[in-house]
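This is start13.pdb. It holds PDB, C-alpha atoms.
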MODEL        1
ATOM      1  CA  MET A 193     -22.246 -11.465   5.562
ATOM      2  CA  ARG A 194     -19.088 -12.859   3.918
ATOM      3  CA  GLU A 195     -16.949 -11.806   6.881
ATOM      4  CA  LEU A 196     -19.453 -13.374   9.289
ATOM      5  CA  LEU A 197     -19.362 -16.676   7.414
ATOM      6  CA  GLN A 198     -15.568 -16.614   7.376
ATOM      7  CA  ASN A 199     -15.483 -16.009  11.123
ATOM      8  CA  VAL A 200     -17.887 -18.895  11.764
ATOM      9  CA  ALA A 201     -15.810 -21.189   9.546
ATOM     10  CA  MET A 202     -12.617 -20.233  11.354
ATOM     11  CA  LYS A 203     -14.236 -20.861  14.733
ATOM     12  CA  MET A 204     -15.269 -24.327  13.613
ATOM     13  CA  VAL A 205     -11.718 -25.028  12.461
ATOM     14  CA  ASP A 206     -10.379 -23.819  15.810
ATOM     15  CA  TRP A 207     -12.778 -26.083  17.726
ATOM     16  CA  ALA A 208     -11.728 -29.076  15.651
ATOM     17  CA  MET A 209      -8.047 -28.268  16.103
ATOM     18  CA  ALA A 210      -8.455 -27.798  19.857
ATOM     19  CA  ALA A 211     -10.042 -31.247  20.114
ATOM     20  CA  THR A 212      -7.287 -32.996  18.123
ATOM     21  CA  VAL A 213      -4.726 -34.275  20.604
ATOM     22  CA  GLN A 214      -1.135 -33.467  19.692
ATOM     23  CA  PRO A 215       2.106 -34.799  21.209
ATOM     24  CA  GLU A 216       4.052 -32.430  23.407
ATOM     25  CA  PRO A 217       6.738 -30.622  21.400
ATOM     26  CA  SER A 218      10.417 -30.910  22.141
ATOM     27  CA  GLN A 219      11.931 -28.619  24.729
ATOM     28  CA  SER A 220      13.891 -26.964  21.932
ATOM     29  CA  ALA A 221      10.707 -26.143  20.025
ATOM     30  CA  LEU A 222       9.028 -24.825  23.172
ATOM     31  CA  ARG A 223      11.992 -22.660  24.086
ATOM     32  CA  ASN A 224      12.449 -21.267  20.584
ATOM     33  CA  CYS A 225       8.836 -20.378  19.886
ATOM     34  CA  LYS A 226       7.986 -16.694  19.818
ATOM     35  CA  ILE A 227       4.413 -15.731  20.607
ATOM     36  CA  ILE A 228       3.009 -12.542  19.129
ATOM     37  CA  SER A 229      -0.056 -10.805  20.520
ATOM     38  CA  HIS A 230      -2.379  -9.712  17.701
ATOM     39  CA  ARG A 231      -3.199  -6.058  18.483
ATOM     40  CA  GLY A 232      -2.208  -6.636  22.117
ATOM     41  CA  GLU A 233      -4.067  -8.423  24.911
ATOM     42  CA  HIS A 234      -7.576  -6.983  24.659
ATOM     43  CA  ASP A 235     -11.267  -7.743  24.877
ATOM     44  CA  ASN A 236     -12.456  -4.470  23.288
ATOM     45  CA  ILE A 237     -14.647  -3.913  26.342
ATOM     46  CA  THR A 238     -12.351  -3.190  29.264
ATOM     47  CA  VAL A 239      -9.172  -3.006  27.176
ATOM     48  CA  ILE A 240      -9.203  -1.797  23.571
ATOM     49  CA  GLU A 241      -6.988  -3.327  20.895
ATOM     50  CA  ASN A 242      -3.891  -1.497  19.651
ATOM     51  CA  THR A 243      -3.610   0.612  22.804
ATOM     52  CA  LEU A 244      -0.694   0.992  25.165
ATOM     53  CA  THR A 245      -2.658  -0.862  27.835
ATOM     54  CA  ALA A 246      -3.263  -3.820  25.520
ATOM     55  CA  PHE A 247       0.432  -3.949  24.662
ATOM     56  CA  SER A 248       1.443  -3.613  28.323
ATOM     57  CA  ASN A 249      -0.819  -6.530  29.251
ATOM     58  CA  ALA A 250       0.947  -8.740  26.722
ATOM     59  CA  ARG A 251       4.417  -7.667  27.796
ATOM     60  CA  ALA A 252       3.637  -8.095  31.497
ATOM     61  CA  ASN A 253       2.785 -11.740  30.837
ATOM     62  CA  GLY A 254       6.015 -12.511  29.032
ATOM     63  CA  VAL A 255       4.695 -12.399  25.451
ATOM     64  CA  TRP A 256       7.587 -11.937  23.030
ATOM     65  CA  GLY A 257       5.985  -9.680  20.430
ATOM     66  CA  ILE A 258       3.032  -7.490  19.541
ATOM     67  CA  GLU A 259       1.390  -7.032  16.169
ATOM     68  CA  CYS A 260       0.012  -3.567  15.480
ATOM     69  CA  ASP A 261      -1.153  -1.394  12.589
ATOM     70  CA  ILE A 262       0.220   1.929  11.352
ATOM     71  CA  ARG A 263      -1.967   4.687   9.917
ATOM     72  CA  TRP A 264      -1.405   8.405   9.378
ATOM     73  CA  THR A 265      -3.105  11.586  10.566
ATOM     74  CA  ALA A 266      -3.797  14.515   8.269
ATOM     75  CA  ASP A 267      -0.620  16.263   9.455
ATOM     76  CA  LEU A 268       1.455  13.115   8.827
ATOM     77  CA  VAL A 269       1.867  11.712  12.310
ATOM     78  CA  PRO A 270       2.039   7.892  12.255
ATOM     79  CA  VAL A 271      -0.335   6.340  14.787
ATOM     80  CA  ILE A 272      -1.333   2.833  15.853
ATOM     81  CA  THR A 273      -4.833   1.776  14.828
ATOM     82  CA  HIS A 274      -6.284  -0.963  12.646
ATOM     83  CA  ASP A 275      -9.392   0.820  11.409
ATOM     84  CA  SER A 276      -9.393   3.915   9.236
ATOM     85  CA  CYS A 277     -12.404   5.155  11.231
ATOM     86  CA  GLY A 278     -13.016   5.393  14.972
ATOM     87  CA  ARG A 279     -16.591   4.090  14.889
ATOM     88  CA  ARG A 280     -16.155   0.360  15.676
ATOM     89  CA  LEU A 281     -13.966   0.721  18.744
ATOM     90  CA  PHE A 282     -14.658   4.211  20.048
ATOM     91  CA  GLY A 283     -18.091   5.157  18.746
ATOM     92  CA  LYS A 284     -16.556   8.048  16.821
ATOM     93  CA  PRO A 285     -17.310   8.410  13.094
ATOM     94  CA  ASN A 286     -14.113  10.364  12.520
ATOM     95  CA  GLN A 287     -11.721   9.255   9.789
ATOM     96  CA  ILE A 288      -8.212   9.010  11.211
ATOM     97  CA  GLY A 289      -6.662  10.481   8.081
ATOM     98  CA  ASP A 290      -8.923  13.543   8.176
ATOM     99  CA  MET A 291      -7.821  14.662  11.652
ATOM    100  CA  THR A 292      -4.623  16.299  12.791
ATOM    101  CA  TYR A 293      -2.788  14.543  15.573
ATOM    102  CA  THR A 294      -3.996  17.171  18.051
ATOM    103  CA  GLU A 295      -7.591  16.597  16.950
ATOM    104  CA  LEU A 296      -7.151  12.843  17.162
ATOM    105  CA  ARG A 297      -5.851  13.010  20.721
ATOM    106  CA  ALA A 298      -8.781  15.208  21.691
ATOM    107  CA  GLN A 299     -11.363  12.920  20.062
ATOM    108  CA  ILE A 300      -9.822   9.464  20.591
ATOM    109  CA  PRO A 301      -7.040   9.780  23.168
ATOM    110  CA  LEU A 302      -6.459   6.005  23.449
ATOM    111  CA  ILE A 303      -4.920   5.773  19.963
ATOM    112  CA  PRO A 304      -1.147   5.923  20.509
ATOM    113  CA  SER A 305       1.463   7.363  18.208
ATOM    114  CA  VAL A 306       4.313   5.344  16.757
ATOM    115  CA  ALA A 307       6.651   7.553  18.797
ATOM    116  CA  GLU A 308       4.902   6.443  22.004
ATOM    117  CA  LEU A 309       5.002   2.807  20.912
ATOM    118  CA  VAL A 310       8.731   2.934  20.190
ATOM    119  CA  ALA A 311       9.533   4.762  23.435
ATOM    120  CA  GLU A 312       7.623   2.281  25.603
ATOM    121  CA  PHE A 313       8.077  -1.043  23.804
ATOM    122  CA  GLY A 314      10.727  -0.649  21.119
ATOM    123  CA  THR A 315      13.612  -2.312  22.936
ATOM    124  CA  ASN A 316      11.743  -4.769  25.163
ATOM    125  CA  THR A 317       8.956  -6.218  22.978
ATOM    126  CA  HIS A 318       9.297  -7.267  19.354
ATOM    127  CA  LEU A 319       7.177  -5.083  17.067
ATOM    128  CA  MET A 320       5.336  -6.565  14.090
ATOM    129  CA  LEU A 321       4.301  -3.398  12.267
ATOM    130  CA  GLU A 322       1.593  -3.749   9.637
ATOM    131  CA  ILE A 323       1.475  -1.179   6.867
ATOM    132  CA  LYS A 324      -2.114  -0.406   5.887
ATOM    133  CA  ASP A 325      -3.379   0.267   2.384
ATOM    134  CA  GLU A 326      -4.363   3.918   2.530
ATOM    135  CA  HIS A 327      -3.629   7.188   0.747
ATOM    136  CA  TYR A 328      -0.069   8.442   1.176
ATOM    137  CA  PRO A 329      -0.209  12.164   0.267
ATOM    138  CA  GLN A 330       3.567  12.611   0.631
ATOM    139  CA  PRO A 331       5.116   9.148   0.382
ATOM    140  CA  GLN A 332       8.761  10.188   0.567
ATOM    141  CA  LYS A 333       8.155  12.477   3.532
ATOM    142  CA  GLN A 334       6.144   9.779   5.290
ATOM    143  CA  LEU A 335       8.895   7.256   4.624
ATOM    144  CA  ASP A 336      11.413   9.658   6.162
ATOM    145  CA  ILE A 337       9.193  10.303   9.191
ATOM    146  CA  LEU A 338       8.693   6.608   9.904
ATOM    147  CA  ARG A 339      12.383   5.859   9.375
ATOM    148  CA  ASP A 340      13.278   8.588  11.872
ATOM    149  CA  HIS A 341      10.858   7.185  14.453
ATOM    150  CA  LEU A 342      12.374   3.722  14.106
ATOM    151  CA  GLU A 343      15.984   4.895  13.887
ATOM    152  CA  PRO A 344      16.801   3.931  17.521
ATOM    153  CA  LEU A 345      15.801   0.336  16.741
ATOM    154  CA  SER A 346      17.333  -2.383  14.586
ATOM    155  CA  PRO A 347      15.200  -4.145  11.964
ATOM    156  CA  GLY A 348      15.050  -7.868  12.573
ATOM    157  CA  THR A 349      16.185  -7.467  16.162
ATOM    158  CA  HIS A 350      13.450  -5.109  17.300
ATOM    159  CA  TYR A 351      10.864  -5.054  14.530
ATOM    160  CA  HIS A 352       9.576  -6.445  11.218
ATOM    161  CA  PHE A 353       7.062  -5.092   8.744
ATOM    162  CA  LEU A 354       3.882  -6.864   7.610
ATOM    163  CA  ALA A 355       1.485  -6.050   4.766
ATOM    164  CA  LEU A 356      -1.431  -7.685   2.973
ATOM    165  CA  ASP A 357      -0.123  -6.249  -0.316
ATOM    166  CA  PRO A 358       3.631  -6.611  -0.940
ATOM    167  CA  GLN A 359       3.636  -3.370  -2.929
ATOM    168  CA  LEU A 360       3.086  -1.545   0.342
ATOM    169  CA  PHE A 361       6.634  -2.400   1.365
ATOM    170  CA  GLU A 362       7.704   0.400  -0.994
ATOM    171  CA  ARG A 363       6.487   2.689   1.809
ATOM    172  CA  VAL A 364       9.245   1.323   4.074
ATOM    173  CA  SER A 365      12.072   0.840   1.601
ATOM    174  CA  PHE A 366      14.574   2.034   4.209
ATOM    175  CA  VAL A 367      14.726  -1.573   5.437
ATOM    176  CA  GLU A 368      15.920  -4.588   3.465
ATOM    177  CA  PRO A 369      13.224  -6.878   2.026
ATOM    178  CA  LYS A 370      14.270  -9.674   4.385
ATOM    179  CA  TYR A 371      12.634  -7.742   7.225
ATOM    180  CA  CYS A 372       9.274  -7.649   5.418
ATOM    181  CA  PHE A 373       6.625 -10.378   5.501
ATOM    182  CA  PRO A 374       3.516 -10.498   3.309
ATOM    183  CA  VAL A 375       0.339 -11.557   5.125
ATOM    184  CA  SER A 376      -1.697 -14.099   3.164
ATOM    185  CA  GLU A 377      -5.445 -14.506   3.301
ATOM    186  CA  THR A 378      -6.677 -16.813   0.519
ATOM    187  CA  ASN A 379      -3.993 -15.726  -1.982
ATOM    188  CA  VAL A 380      -1.339 -17.932  -0.424
ATOM    189  CA  ARG A 381       0.404 -19.156  -3.575
ATOM    190  CA  ASN A 382       0.679 -15.692  -5.123
ATOM    191  CA  LEU A 383       2.156 -14.206  -1.973
ATOM    192  CA  SER A 384       4.447 -17.197  -1.513
ATOM    193  CA  ASP A 385       5.797 -16.587  -5.020
ATOM    194  CA  ALA A 386       6.194 -12.876  -4.282
ATOM    195  CA  ALA A 387       8.046 -13.580  -1.043
ATOM    196  CA  ILE A 388      10.539 -15.778  -2.866
ATOM    197  CA  ASP A 389      10.871 -13.625  -5.992
ATOM    198  CA  GLN A 390      11.402 -10.412  -4.011
ATOM    199  CA  SER A 391      13.580 -11.934  -1.264
ATOM    200  CA  PHE A 392      11.226 -11.096   1.568
ATOM    201  CA  GLY A 393      11.772 -12.742   4.942
ATOM    202  CA  GLY A 394       9.014 -15.276   4.367
ATOM    203  CA  LEU A 395       5.253 -15.390   4.746
ATOM    204  CA  THR A 396       2.576 -15.189   7.430
ATOM    205  CA  GLY A 397      -1.043 -16.297   7.436
ATOM    206  CA  HIS A 398      -3.632 -18.604   8.954
ATOM    207  CA  TYR A 399      -2.225 -21.911  10.214
ATOM    208  CA  LEU A 400      -4.664 -23.920   8.113
ATOM    209  CA  LEU A 401      -3.480 -22.356   4.849
ATOM    210  CA  LEU A 402       0.278 -22.487   5.427
ATOM    211  CA  GLY A 403       0.823 -26.217   5.164
ATOM    212  CA  ASN A 404       3.987 -28.254   5.472
ATOM    213  CA  ALA A 405       4.802 -28.211   1.761
ATOM    214  CA  LEU A 406       4.680 -24.429   1.702
ATOM    215  CA  LYS A 407       6.678 -24.206   4.924
ATOM    216  CA  GLU A 408       9.407 -26.398   3.412
ATOM    217  CA  ARG A 409       9.343 -24.354   0.211
ATOM    218  CA  HIS A 410      10.251 -21.244   2.160
ATOM    219  CA  ALA A 411      12.706 -23.039   4.423
ATOM    220  CA  GLN A 412      14.664 -24.056   1.314
ATOM    221  CA  GLN A 413      14.987 -20.345   0.532
ATOM    222  CA  GLY A 414      16.169 -19.524   4.041
ATOM    223  CA  GLN A 415      12.785 -17.990   4.850
ATOM    224  CA  ARG A 416      10.356 -18.583   7.697
ATOM    225  CA  ILE A 417       6.607 -18.638   8.071
ATOM    226  CA  GLY A 418       4.556 -17.278  10.932
ATOM    227  CA  THR A 419       1.107 -18.677  11.602
ATOM    228  CA  GLY A 420      -2.035 -17.355  13.246
ATOM    229  CA  PHE A 421      -4.372 -17.378  14.943
ATOM    230  CA  VAL A 422      -3.436 -20.069  17.422
ATOM    231  CA  SER A 423      -5.959 -20.293  20.268
ATOM    232  CA  SER A 424      -5.501 -23.678  21.980
ATOM    233  CA  LYS A 425      -2.843 -25.981  23.400
ATOM    234  CA  ASN A 426      -3.307 -28.572  20.688
ATOM    235  CA  CYS A 427      -3.062 -25.993  17.934
ATOM    236  CA  LEU A 428       0.093 -24.569  19.522
ATOM    237  CA  PHE A 429       1.609 -28.040  19.798
ATOM    238  CA  ARG A 430       0.726 -28.784  16.163
ATOM    239  CA  GLU A 431       2.530 -25.676  14.956
ATOM    240  CA  LEU A 432       5.603 -26.239  17.119
ATOM    241  CA  ASN A 433       5.813 -29.911  16.120
ATOM    242  CA  ARG A 434       6.045 -28.909  12.476
ATOM    243  CA  GLY A 435       8.749 -26.357  13.121
ATOM    244  CA  VAL A 436       6.841 -23.068  13.131
ATOM    245  CA  GLU A 437       8.556 -20.515  15.370
ATOM    246  CA  TRP A 438       6.400 -17.384  15.066
ATOM    247  CA  ILE A 439       2.964 -17.909  16.624
ATOM    248  CA  PHE A 440       0.417 -15.098  16.215
ATOM    249  CA  SER A 441      -2.571 -15.227  18.555
ATOM    250  CA  ASN A 442      -5.606 -13.290  19.721
ATOM    251  CA  ASP A 443      -5.144 -15.182  22.987
ATOM    252  CA  ALA A 444      -1.420 -14.635  23.356
ATOM    253  CA  VAL A 445      -1.319 -14.523  27.158
ATOM    254  CA  LYS A 446      -3.155 -17.855  27.381
ATOM    255  CA  ILE A 447      -0.856 -19.389  24.763
ATOM    256  CA  GLN A 448       2.220 -17.982  26.502
ATOM    257  CA  ARG A 449       1.132 -19.571  29.784
ATOM    258  CA  ILE A 450       0.645 -22.934  28.078
ATOM    259  CA  ARG A 451       4.105 -22.690  26.565
ATOM    260  CA  ASP A 452       5.676 -21.620  29.874
ATOM    261  CA  HIS A 453       3.954 -24.460  31.736
ATOM    262  CA  HIS A 454       5.562 -27.041  29.467
ATOM    263  CA  VAL A 455       9.063 -25.565  29.467
ATOM    264  CA  GLN A 456      11.244 -27.511  31.884
ATOM    265  CA  GLY A 457      13.823 -25.949  34.151
TER     266      GLY A 457
ENDMDL
END
Would you kindly transcribe this structure into structure tokens?
Amino acid sequence: MRELLQNVAMKMVDWAMAATVQPEPSQSALRNCKIISHRGEHDNITVIENTLTAFSNARANGVWGIECDIRWTADLVPVITHDSCGRRLFGKPNQIGDMTYTELRAQIPLIPSVAELVAEFGTNTHLMLEIKDEHYPQPQKQLDILRDHLEPLSPGTHYHFLALDPQLFERVSFVEPKYCFPVSETNVRNLSDAAIDQSFGGLTGHYLLLGNALKERHAQQGQRIGTGFVSSKNCLFRELNRGVEWIFSNDAVKIQRIRDHHVQG
């Protein structure tokens, strides 16, 4: 019920923002903005989130980055899926962490591995990799495995890490903190403090919660903020007009087309 009420509230905010006319941003702001597709371009009917098809759809439409979630199989293969269970998206009650990778591919073949993600998208689409809060049976080994998978790529250039809990960045300590971004929900001030105290790259969260004062606070530290979930032209223009560069969206292809339409030359 709480999640439902939150979703309704966010929809109402989005409707209000979409109806609030904003001036067109500068060409510099339009050119510099980087749109990130949240779990890829999907509808969870014909195309499922966090699949190679969803990511390909975003890339094919010129979207700069994709946000995706990392979990682990029982035999320590990192895979891309938001949920710990396959029920919501695939009608399978299986827990991802209870299956080997071979079993996972047999039961839910659409869930890709991190190796597949890196091979297909690592050097042509920016990866925003979210670390999930789950049991790590062999944390050092898992750190080594993930580091090896990402070794062909450069942090900052090709990927960043995200996490709801900053302590999870210990799982990816092979990268400098500046490549890690906490994701705020309602705990914005606490995570803002953590980002500054621990020299993270900045902060991400809902556009309504990351106001101008907070944005300037992080800018003074040489940090950036990324805002989601932008779903309309006026919301996009609002964010670009206040200097936000990273734009997360569940409608990234639509937002990319709006941006491209307004870029001159």
> Taking only C-alpha atoms into account, which of A:Arg231, A:Lys407, A:Lys324, A:His341 comes nearest Leu354 (chain A)?
Replying inline: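 Answer, going by the shortest atom-to-atom distance: A:Lys324.
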> Within 9 Å of Ile450 (chain A), counting all atoms listed in the file, which residues qualify if same-chain residues fewer than 5 places away don't, as a PyMOL selection string?
Replying inline: chain A and resi 424-425+428+445+455
> Within 9 Å of Leu244 (chain A), counting only C-alpha atoms, which residues qualify if same-chain residues fewer than 2 places away don't, as a ChimeraX atom specification?
Replying inline: /A:232,241-242,246-249,302-304,308-309,312
> Between A:Ala386, A:Thr349, A:Asp336, A:Gln287, which is the closest to Ser365 (chain A) once you count only C-alpha atoms?
Replying inline: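 The closest residue to Ser365 (chain A) is A:Asp336.
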>> Which residues would end up in the selection if the PyMOL selection byres ((chain A and resi 426) around 8) were applied here, given that I need the answer as a count of residues only?
In response: 12
> Using only C-alpha atoms, which residue out of A:His454, A:Arg416, A:Arg263, A:Lys203 lies closest to Gln334 (chain A)?
Replying inline: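 Smallest distance to Gln334 (chain A) is found for A:Arg263.
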>> Just checking: using all atoms listed in the file, which residue out of A:Pro217, A:Gly257, A:Pro358, A:Gly435 ends up closest to Phe313 (chain A)?
In response: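 That would be A:Gly257, the residue with the smallest distance to Phe313 (chain A).
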Using all atoms listed in the file, give me every residue within 12 Å of (7.4, 5.2, 20.6) in file coordinates, as a short mmCIF file (atom, residue, chain, number, x, y, z; two decimals) with C-alpha atoms, in the frame of the given file.
data_model
loop_
_atom_site.label_atom_id
_atom_site.label_comp_id
_atom_site.auth_asym_id
_atom_site.auth_seq_id
_atom_site.Cartn_x
_atom_site.Cartn_y
_atom_site.Cartn_z
CA LEU A 244 -0.69 0.99 25.16
CA VAL A 269 1.87 11.71 12.31
CA PRO A 270 2.04 7.89 12.26
CA VAL A 271 -0.34 6.34 14.79
CA ILE A 272 -1.33 2.83 15.85
CA PRO A 304 -1.15 5.92 20.51
CA SER A 305 1.46 7.36 18.21
CA VAL A 306 4.31 5.34 16.76
CA ALA A 307 6.65 7.55 18.80
CA GLU A 308 4.90 6.44 22.00
CA LEU A 309 5.00 2.81 20.91
CA VAL A 310 8.73 2.93 20.19
CA ALA A 311 9.53 4.76 23.44
CA GLU A 312 7.62 2.28 25.60
CA PHE A 313 8.08 -1.04 23.80
CA GLY A 314 10.73 -0.65 21.12
CA THR A 315 13.61 -2.31 22.94
CA ASN A 316 11.74 -4.77 25.16
CA THR A 317 8.96 -6.22 22.98
CA LEU A 319 7.18 -5.08 17.07
CA LEU A 338 8.69 6.61 9.90
CA ASP A 340 13.28 8.59 11.87
CA HIS A 341 10.86 7.18 14.45
CA LEU A 342 12.37 3.72 14.11
CA GLU A 343 15.98 4.89 13.89
CA PRO A 344 16.80 3.93 17.52
CA LEU A 345 15.80 0.34 16.74
#
> Which residue out of A:Asn404, A:Gly278, A:Met320, A:Ile337 has the minimum interatomic distance to Tyr371 (chain A) when only C-alpha atoms are used?
Replying inline: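 Using only C-alpha atoms, Tyr371 (chain A) sits closest to A:Met320.
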